[in-house]
Amino acid sequence: MDWGMENRFSRLFDQKSGRTVLFAVDHGYFMGPTTGLEQLDKAVGPLLPYVDALMLTRGALRNYIKPNVDVPIILRVSGGTSILAREWGDLLHEGITVSMEEAIRLNASAVAFSVMVGSRFERDTLLEFTKVIDEAERYGIPTLGVVAVGEGLNRDARYLSLAGRIAAELGARLIKTYYCEEFERVVSTCPVPVVIAGGKKIPEKDALTMAYSAVQAGAVGVDMGRNIFQSEDPVAMIQAVRAIVHKNATPDEAFELFNELKNR
Ligand code: 5RP
């Protein structure tokens, strides 16, 4: 890695643990005013001290985050379809939505692009993805590959390792994917670090257990959204997630911390 690439990449991680708690609040790019993010600034502000990097769109960054905030930015640069596109089988059929010049202007530490492996439009998203990677590499910006598999395919180790490996071979520096059984397989067959997405909101204890299992299986951390900002206490939840990722806390210990912070 050249200096600029290495510098931006290392900013995404906690220097002590070498792991990361990325906070994803990019949902509006295809879900509109997602529950919990209606007033994005109010949702994100109190959590910023506990975030290793913030993943969001350029519109959210410009309109809701003050430029003097000291947090690395992972800028979402893909989109083009909404949640409604699921109805006609086009969900996550994404293209490039932000130029690299704009990413640099916004001082992004990384860019994020979603690819859908195993769908009828996988070729479109994979080829657009490589265009972003080429541009990003030119300026020393790491690309986070957000990896999903086509509707109807199981989100299991077989398909997620296939999709993650493809995204890494195409040049992603970091992979975000879903947690599954035998997650070790997804991590060990991927040549770049892997973080997990949180997915739909589940009970806090279950989300903490998922984060713990992922990290124990070799994930370098999480890139969680809804399971933090839709929690009954997002500030307590992110600290509990941090305990797991950065301090190797068990799910029981982290849940105890969550309850303690919540009741304070
Ligand atoms: C969709 C995305 C997201 O918008 C988001 O980052 C997902 O986070 P979570 O599932 O934890 O709410 O990546 O592909």
# chains A, B, ... in the order shown; residues from 1 in each chain; ligands from 1
>>> residues_near_ligand(ligand="ligand 1", cutoff="8 Å", atoms="only C-alpha atoms and all ligand atoms", output="list in words")
Phe23, Ala24, Val25, Asp26, His27, Gly28, Tyr29, Phe30, Met31, Met55, Leu56, Leu92, Ser114, Val146, Val147, Ala148, Lys176, Ile196, Ala197, Gly198, Gly199, Lys200, Lys201, Asp223, Met224, Gly225, Arg226, Asn227 and Ile228 of chain A
>>> write_last_selection(atoms="C-alpha atoms", output="PDB file, in the first residue's frame")
ATOM      1  CA  PHE A  23     -21.412   3.097  12.191  1.00  0.00           C
ATOM      2  CA  ALA A  24     -23.623   2.781   9.094  1.00  0.00           C
ATOM      3  CA  VAL A  25     -26.224   5.505   8.598  1.00  0.00           C
ATOM      4  CA  ASP A  26     -26.366   5.377   4.796  1.00  0.00           C
ATOM      5  CA  HIS A  27     -29.809   3.730   4.680  1.00  0.00           C
ATOM      6  CA  GLY A  28     -31.575   6.800   3.267  1.00  0.00           C
ATOM      7  CA  TYR A  29     -29.972   6.272  -0.142  1.00  0.00           C
ATOM      8  CA  PHE A  30     -32.453   3.489  -0.856  1.00  0.00           C
ATOM      9  CA  MET A  31     -34.819   3.453   2.142  1.00  0.00           C
ATOM     10  CA  MET A  55     -20.598   5.386   6.746  1.00  0.00           C
ATOM     11  CA  LEU A  56     -23.073   7.641   4.957  1.00  0.00           C
ATOM     12  CA  LEU A  92     -29.465  -3.247  -5.143  1.00  0.00           C
ATOM     13  CA  SER A 114     -22.742  -2.436  -3.021  1.00  0.00           C
ATOM     14  CA  VAL A 146     -20.703  -4.134   0.493  1.00  0.00           C
ATOM     15  CA  VAL A 147     -21.486  -7.659  -0.522  1.00  0.00           C
ATOM     16  CA  ALA A 148     -24.940  -9.132  -0.897  1.00  0.00           C
ATOM     17  CA  LYS A 176     -18.807  -5.823   4.499  1.00  0.00           C
ATOM     18  CA  ILE A 196     -20.285  -7.629   9.353  1.00  0.00           C
ATOM     19  CA  ALA A 197     -23.440  -5.644   8.656  1.00  0.00           C
ATOM     20  CA  GLY A 198     -25.999  -5.736  11.430  1.00  0.00           C
ATOM     21  CA  GLY A 199     -29.060  -6.339   9.250  1.00  0.00           C
ATOM     22  CA  LYS A 200     -32.618  -5.833  10.472  1.00  0.00           C
ATOM     23  CA  LYS A 201     -33.140  -4.878  14.097  1.00  0.00           C
ATOM     24  CA  ASP A 223     -20.343  -1.946  10.252  1.00  0.00           C
ATOM     25  CA  MET A 224     -23.673  -1.774  12.067  1.00  0.00           C
ATOM     26  CA  GLY A 225     -26.598   0.505  11.552  1.00  0.00           C
ATOM     27  CA  ARG A 226     -30.119  -0.443  12.584  1.00  0.00           C
ATOM     28  CA  ASN A 227     -29.081  -2.595  15.518  1.00  0.00           C
ATOM     29  CA  ILE A 228     -27.473   0.494  16.982  1.00  0.00           C
TER      30      ILE A 228
END
>>> select_by_dssp(residues="stretch 96-262 of chain A", states="alpha helix (DSSP H)", output="MDAnalysis selection string")
chainID A and resid 100:105 122:138 157:169 183:188 204:216 226:229 234:247 251:262
>>> select_by_dssp(residues="stretch 196-246 of chain A", states="strand (DSSP E)", output="MDAnalysis selection string")
chainID A and resid 196:197 221:224
>>> residues_around(residues="A:Ala249", least_positions_apart="3", cutoff="12 Å", atoms="only C-alpha atoms", output="ChimeraX atom specification")
/A:208-209,211-213,215-216,239-246,252-258
>>> residues_around(residues="A:Ala108", least_positions_apart="4", cutoff="8 Å", atoms="only C-alpha atoms", output="list in words")
Pro72, Ile73, Ile74, Leu75, Ala103, Ile104 and Ile141 of chain A
>>> residues_around(residues="A:Arg120", least_positions_apart="3", cutoff="10 Å", atoms="only C-alpha atoms", output="PyMOL selection string")
chain A and resi 89-90+93+116-117+123-124+150-151
>>> write_last_selection(atoms="N, CA and C atoms", output="PDB file, in the first residue's frame")
ATOM      1  N   GLY A  89     -37.736  -7.061  -8.684  1.00  0.00           N
ATOM      2  CA  GLY A  89     -36.488  -7.832  -8.685  1.00  0.00           C
ATOM      3  C   GLY A  89     -35.249  -7.028  -8.998  1.00  0.00           C
ATOM      4  N   ASP A  90     -35.275  -5.717  -8.682  1.00  0.00           N
ATOM      5  CA  ASP A  90     -34.143  -4.864  -9.036  1.00  0.00           C
ATOM      6  C   ASP A  90     -33.436  -4.282  -7.810  1.00  0.00           C
ATOM      7  N   HIS A  93     -29.643  -3.040  -7.545  1.00  0.00           N
ATOM      8  CA  HIS A  93     -29.093  -2.955  -8.903  1.00  0.00           C
ATOM      9  C   HIS A  93     -28.459  -1.570  -9.019  1.00  0.00           C
ATOM     10  N   MET A 116     -24.115  -7.053  -5.929  1.00  0.00           N
ATOM     11  CA  MET A 116     -25.086  -8.121  -5.732  1.00  0.00           C
ATOM     12  C   MET A 116     -24.626  -9.312  -6.556  1.00  0.00           C
ATOM     13  N   VAL A 117     -24.077 -10.303  -5.888  1.00  0.00           N
ATOM     14  CA  VAL A 117     -23.586 -11.490  -6.598  1.00  0.00           C
ATOM     15  C   VAL A 117     -24.717 -12.516  -6.658  1.00  0.00           C
ATOM     16  N   ARG A 123     -23.468  -8.657 -13.267  1.00  0.00           N
ATOM     17  CA  ARG A 123     -22.421  -8.136 -14.148  1.00  0.00           C
ATOM     18  C   ARG A 123     -22.381  -6.602 -14.092  1.00  0.00           C
ATOM     19  N   ASP A 124     -23.554  -5.979 -14.110  1.00  0.00           N
ATOM     20  CA  ASP A 124     -23.615  -4.501 -14.042  1.00  0.00           C
ATOM     21  C   ASP A 124     -22.943  -3.990 -12.777  1.00  0.00           C
ATOM     22  N   GLY A 150     -27.920 -12.550  -4.383  1.00  0.00           N
ATOM     23  CA  GLY A 150     -29.233 -12.392  -5.019  1.00  0.00           C
ATOM     24  C   GLY A 150     -30.380 -12.965  -4.210  1.00  0.00           C
ATOM     25  N   GLU A 151     -31.563 -12.379  -4.438  1.00  0.00           N
ATOM     26  CA  GLU A 151     -32.784 -12.861  -3.784  1.00  0.00           C
ATOM     27  C   GLU A 151     -32.925 -14.349  -4.072  1.00  0.00           C
TER      28      GLU A 151
END
>>> closest_residue(among="A:Pro251, A:Gly95, A:Gly79, A:Gly218", to="A:Lys205", atoms="only C-alpha atoms")
A:Pro251
>>> residues_around(residues="A:Glu38", least_positions_apart="4", cutoff="12 Å", atoms="only C-alpha atoms", output="list of chain:residue names")
A:Val25, A:His27, A:Gly28, A:Met31, A:Gly32, A:Pro33, A:Thr34, A:Lys42, A:Ala43, A:Val44, A:Ala60, A:Tyr64, A:Phe229, A:Gln230
>>> closest_residue(among="A:Tyr179, A:Ser78, A:Thr20, A:Ile65", to="A:Asp41", atoms="only C-alpha atoms")
A:Ile65
>>> closest_residue(among="A:Val194, A:Leu48, A:Lys16, A:Glu87", to="A:Val69", atoms="only C-alpha atoms")
A:Leu48
>>> residues_around(residues="A:Gly140", least_positions_apart="5", cutoff="8 Å", atoms="only C-alpha atoms", output="count of residues only")
5
>>> closest_atom_pairs(of="stretch 3-96 of chain A", to="stretch 219-222 of chain A", cutoff="8 Å", atoms="only C-alpha atoms", output="tab-separated table")
residue	atom	partner	partner_atom	distance
A:Gly18	CA	A:Val220	CA	7.6
A:Arg19	CA	A:Val220	CA	5.0
A:Thr20	CA	A:Gly221	CA	4.8
A:Val21	CA	A:Val222	CA	5.2
A:Leu22	CA	A:Val222	CA	5.9
>>> write_last_selection(atoms="N, CA and C atoms", output="PDB file, in the first residue's frame")
ATOM      1  N   GLY A  18      -6.770  -2.780  16.775  1.00  0.00           N
ATOM      2  CA  GLY A  18      -6.632  -3.150  15.362  1.00  0.00           C
ATOM      3  C   GLY A  18      -7.973  -3.507  14.737  1.00  0.00           C
ATOM      4  N   ARG A  19      -9.046  -3.348  15.497  1.00  0.00           N
ATOM      5  CA  ARG A  19     -10.392  -3.656  14.975  1.00  0.00           C
ATOM      6  C   ARG A  19     -11.196  -2.361  14.815  1.00  0.00           C
ATOM      7  N   THR A  20     -12.450  -2.530  14.387  1.00  0.00           N
ATOM      8  CA  THR A  20     -13.221  -1.321  14.109  1.00  0.00           C
ATOM      9  C   THR A  20     -14.716  -1.459  14.391  1.00  0.00           C
ATOM     10  N   VAL A  21     -15.293  -0.364  14.866  1.00  0.00           N
ATOM     11  CA  VAL A  21     -16.751  -0.247  14.963  1.00  0.00           C
ATOM     12  C   VAL A  21     -17.156   0.877  14.006  1.00  0.00           C
ATOM     13  N   LEU A  22     -17.579   0.451  12.813  1.00  0.00           N
ATOM     14  CA  LEU A  22     -18.046   1.400  11.805  1.00  0.00           C
ATOM     15  C   LEU A  22     -19.542   1.588  12.049  1.00  0.00           C
TER      16      LEU A  22
END
>>> decode(residues="stretch 65-187 of chain A", atoms="C-alpha atoms", output="mmCIF file, in the first residue's frame")
data_model
loop_
_atom_site.group_PDB
_atom_site.id
_atom_site.type_symbol
_atom_site.label_atom_id
_atom_site.label_comp_id
_atom_site.auth_asym_id
_atom_site.auth_seq_id
_atom_site.Cartn_x
_atom_site.Cartn_y
_atom_site.Cartn_z
ATOM 1 C CA ILE A 65 -22.742 16.471 9.898
ATOM 2 C CA LYS A 66 -20.698 19.528 10.789
ATOM 3 C CA PRO A 67 -17.405 19.787 8.864
ATOM 4 C CA ASN A 68 -15.392 20.302 12.055
ATOM 5 C CA VAL A 69 -16.272 16.841 13.341
ATOM 6 C CA ASP A 70 -13.263 14.583 13.791
ATOM 7 C CA VAL A 71 -14.474 11.255 12.422
ATOM 8 C CA PRO A 72 -13.262 9.300 9.372
ATOM 9 C CA ILE A 73 -15.899 9.116 6.645
ATOM 10 C CA ILE A 74 -16.803 6.108 4.517
ATOM 11 C CA LEU A 75 -18.701 7.641 1.650
ATOM 12 C CA ARG A 76 -21.349 5.589 -0.104
ATOM 13 C CA VAL A 77 -20.812 6.031 -3.838
ATOM 14 C CA SER A 78 -23.341 3.496 -5.169
ATOM 15 C CA GLY A 79 -27.104 3.618 -5.533
ATOM 16 C CA GLY A 80 -29.756 4.072 -8.168
ATOM 17 C CA THR A 81 -32.609 1.901 -6.947
ATOM 18 C CA SER A 82 -34.965 2.199 -3.979
ATOM 19 C CA ILE A 83 -36.399 -0.362 -1.605
ATOM 20 C CA LEU A 84 -39.480 -0.423 -3.892
ATOM 21 C CA ALA A 85 -37.370 -2.010 -6.639
ATOM 22 C CA ARG A 86 -37.574 -5.276 -4.692
ATOM 23 C CA GLU A 87 -41.058 -5.690 -6.193
ATOM 24 C CA TRP A 88 -39.677 -6.007 -9.722
ATOM 25 C CA GLY A 89 -36.488 -7.832 -8.685
ATOM 26 C CA ASP A 90 -34.143 -4.864 -9.036
ATOM 27 C CA LEU A 91 -33.157 -4.260 -5.408
ATOM 28 C CA LEU A 92 -29.465 -3.247 -5.143
ATOM 29 C CA HIS A 93 -29.093 -2.955 -8.903
ATOM 30 C CA GLU A 94 -26.672 -0.126 -8.279
ATOM 31 C CA GLY A 95 -24.390 2.135 -10.251
ATOM 32 C CA ILE A 96 -21.981 4.948 -9.443
ATOM 33 C CA THR A 97 -23.653 7.904 -7.736
ATOM 34 C CA VAL A 98 -20.648 9.982 -6.638
ATOM 35 C CA SER A 99 -17.472 10.852 -8.536
ATOM 36 C CA MET A 100 -14.063 10.281 -6.993
ATOM 37 C CA GLU A 101 -13.389 13.988 -7.259
ATOM 38 C CA GLU A 102 -16.399 14.618 -5.018
ATOM 39 C CA ALA A 103 -15.223 11.913 -2.583
ATOM 40 C CA ILE A 104 -11.867 13.689 -2.325
ATOM 41 C CA ARG A 105 -13.585 17.068 -1.915
ATOM 42 C CA LEU A 106 -15.578 15.595 0.965
ATOM 43 C CA ASN A 107 -12.359 14.235 2.484
ATOM 44 C CA ALA A 108 -13.560 10.612 2.466
ATOM 45 C CA SER A 109 -11.271 8.086 4.121
ATOM 46 C CA ALA A 110 -12.907 5.310 2.088
ATOM 47 C CA VAL A 111 -15.689 4.797 -0.448
ATOM 48 C CA ALA A 112 -18.380 2.108 -0.298
ATOM 49 C CA PHE A 113 -20.105 0.340 -3.162
ATOM 50 C CA SER A 114 -22.742 -2.436 -3.021
ATOM 51 C CA VAL A 115 -22.495 -5.440 -5.275
ATOM 52 C CA MET A 116 -25.086 -8.121 -5.732
ATOM 53 C CA VAL A 117 -23.586 -11.490 -6.598
ATOM 54 C CA GLY A 118 -25.919 -14.147 -7.940
ATOM 55 C CA SER A 119 -28.555 -11.837 -9.366
ATOM 56 C CA ARG A 120 -29.414 -11.335 -13.031
ATOM 57 C CA PHE A 121 -27.696 -7.937 -12.924
ATOM 58 C CA GLU A 122 -24.534 -9.024 -11.098
ATOM 59 C CA ARG A 123 -22.421 -8.136 -14.148
ATOM 60 C CA ASP A 124 -23.615 -4.501 -14.042
ATOM 61 C CA THR A 125 -22.829 -4.003 -10.373
ATOM 62 C CA LEU A 126 -19.493 -5.822 -10.523
ATOM 63 C CA LEU A 127 -18.267 -3.826 -13.522
ATOM 64 C CA GLU A 128 -19.365 -0.493 -12.017
ATOM 65 C CA PHE A 129 -17.666 -1.574 -8.812
ATOM 66 C CA THR A 130 -14.352 -2.050 -10.614
ATOM 67 C CA LYS A 131 -14.637 1.411 -12.184
ATOM 68 C CA VAL A 132 -14.917 2.868 -8.690
ATOM 69 C CA ILE A 133 -11.988 0.771 -7.491
ATOM 70 C CA ASP A 134 -9.772 1.939 -10.357
ATOM 71 C CA GLU A 135 -10.571 5.573 -9.626
ATOM 72 C CA ALA A 136 -10.242 5.144 -5.874
ATOM 73 C CA GLU A 137 -6.893 3.358 -6.198
ATOM 74 C CA ARG A 138 -5.608 6.176 -8.396
ATOM 75 C CA TYR A 139 -6.038 8.571 -5.464
ATOM 76 C CA GLY A 140 -5.104 6.181 -2.654
ATOM 77 C CA ILE A 141 -8.645 5.721 -1.342
ATOM 78 C CA PRO A 142 -9.714 2.286 -0.067
ATOM 79 C CA THR A 143 -12.956 0.787 -1.380
ATOM 80 C CA LEU A 144 -15.333 -1.014 0.972
ATOM 81 C CA GLY A 145 -17.213 -3.706 -0.944
ATOM 82 C CA VAL A 146 -20.703 -4.134 0.493
ATOM 83 C CA VAL A 147 -21.486 -7.659 -0.522
ATOM 84 C CA ALA A 148 -24.940 -9.132 -0.897
ATOM 85 C CA VAL A 149 -26.249 -12.200 -2.673
ATOM 86 C CA GLY A 150 -29.233 -12.392 -5.019
ATOM 87 C CA GLU A 151 -32.784 -12.861 -3.784
ATOM 88 C CA GLY A 152 -33.503 -16.521 -3.257
ATOM 89 C CA LEU A 153 -29.887 -17.455 -2.477
ATOM 90 C CA ASN A 154 -29.169 -18.365 1.117
ATOM 91 C CA ARG A 155 -27.018 -15.953 3.043
ATOM 92 C CA ASP A 156 -24.766 -18.835 4.031
ATOM 93 C CA ALA A 157 -21.017 -19.476 4.086
ATOM 94 C CA ARG A 158 -21.086 -20.936 0.595
ATOM 95 C CA TYR A 159 -22.585 -17.881 -1.101
ATOM 96 C CA LEU A 160 -21.178 -15.187 1.171
ATOM 97 C CA SER A 161 -17.628 -16.513 0.797
ATOM 98 C CA LEU A 162 -18.119 -16.658 -2.975
ATOM 99 C CA ALA A 163 -19.369 -13.062 -3.048
ATOM 100 C CA GLY A 164 -16.790 -11.719 -0.593
ATOM 101 C CA ARG A 165 -13.909 -13.367 -2.400
ATOM 102 C CA ILE A 166 -15.091 -12.020 -5.752
ATOM 103 C CA ALA A 167 -15.300 -8.468 -4.377
ATOM 104 C CA ALA A 168 -11.812 -8.781 -2.864
ATOM 105 C CA GLU A 169 -10.350 -10.236 -6.059
ATOM 106 C CA LEU A 170 -11.850 -7.328 -7.984
ATOM 107 C CA GLY A 171 -9.921 -5.001 -5.700
ATOM 108 C CA ALA A 172 -11.937 -4.096 -2.589
ATOM 109 C CA ARG A 173 -9.681 -3.325 0.390
ATOM 110 C CA LEU A 174 -12.345 -4.174 2.971
ATOM 111 C CA ILE A 175 -15.485 -6.322 2.770
ATOM 112 C CA LYS A 176 -18.807 -5.823 4.499
ATOM 113 C CA THR A 177 -21.143 -8.778 4.506
ATOM 114 C CA TYR A 178 -23.726 -10.557 6.596
ATOM 115 C CA TYR A 179 -22.931 -12.886 9.461
ATOM 116 C CA CYS A 180 -23.725 -16.569 8.918
ATOM 117 C CA GLU A 181 -22.959 -19.970 10.416
ATOM 118 C CA GLU A 182 -19.368 -21.076 9.686
ATOM 119 C CA PHE A 183 -18.367 -17.455 9.252
ATOM 120 C CA GLU A 184 -14.721 -18.588 9.653
ATOM 121 C CA ARG A 185 -14.999 -19.829 6.083
ATOM 122 C CA VAL A 186 -16.047 -16.413 4.788
ATOM 123 C CA VAL A 187 -13.153 -14.723 6.603
#
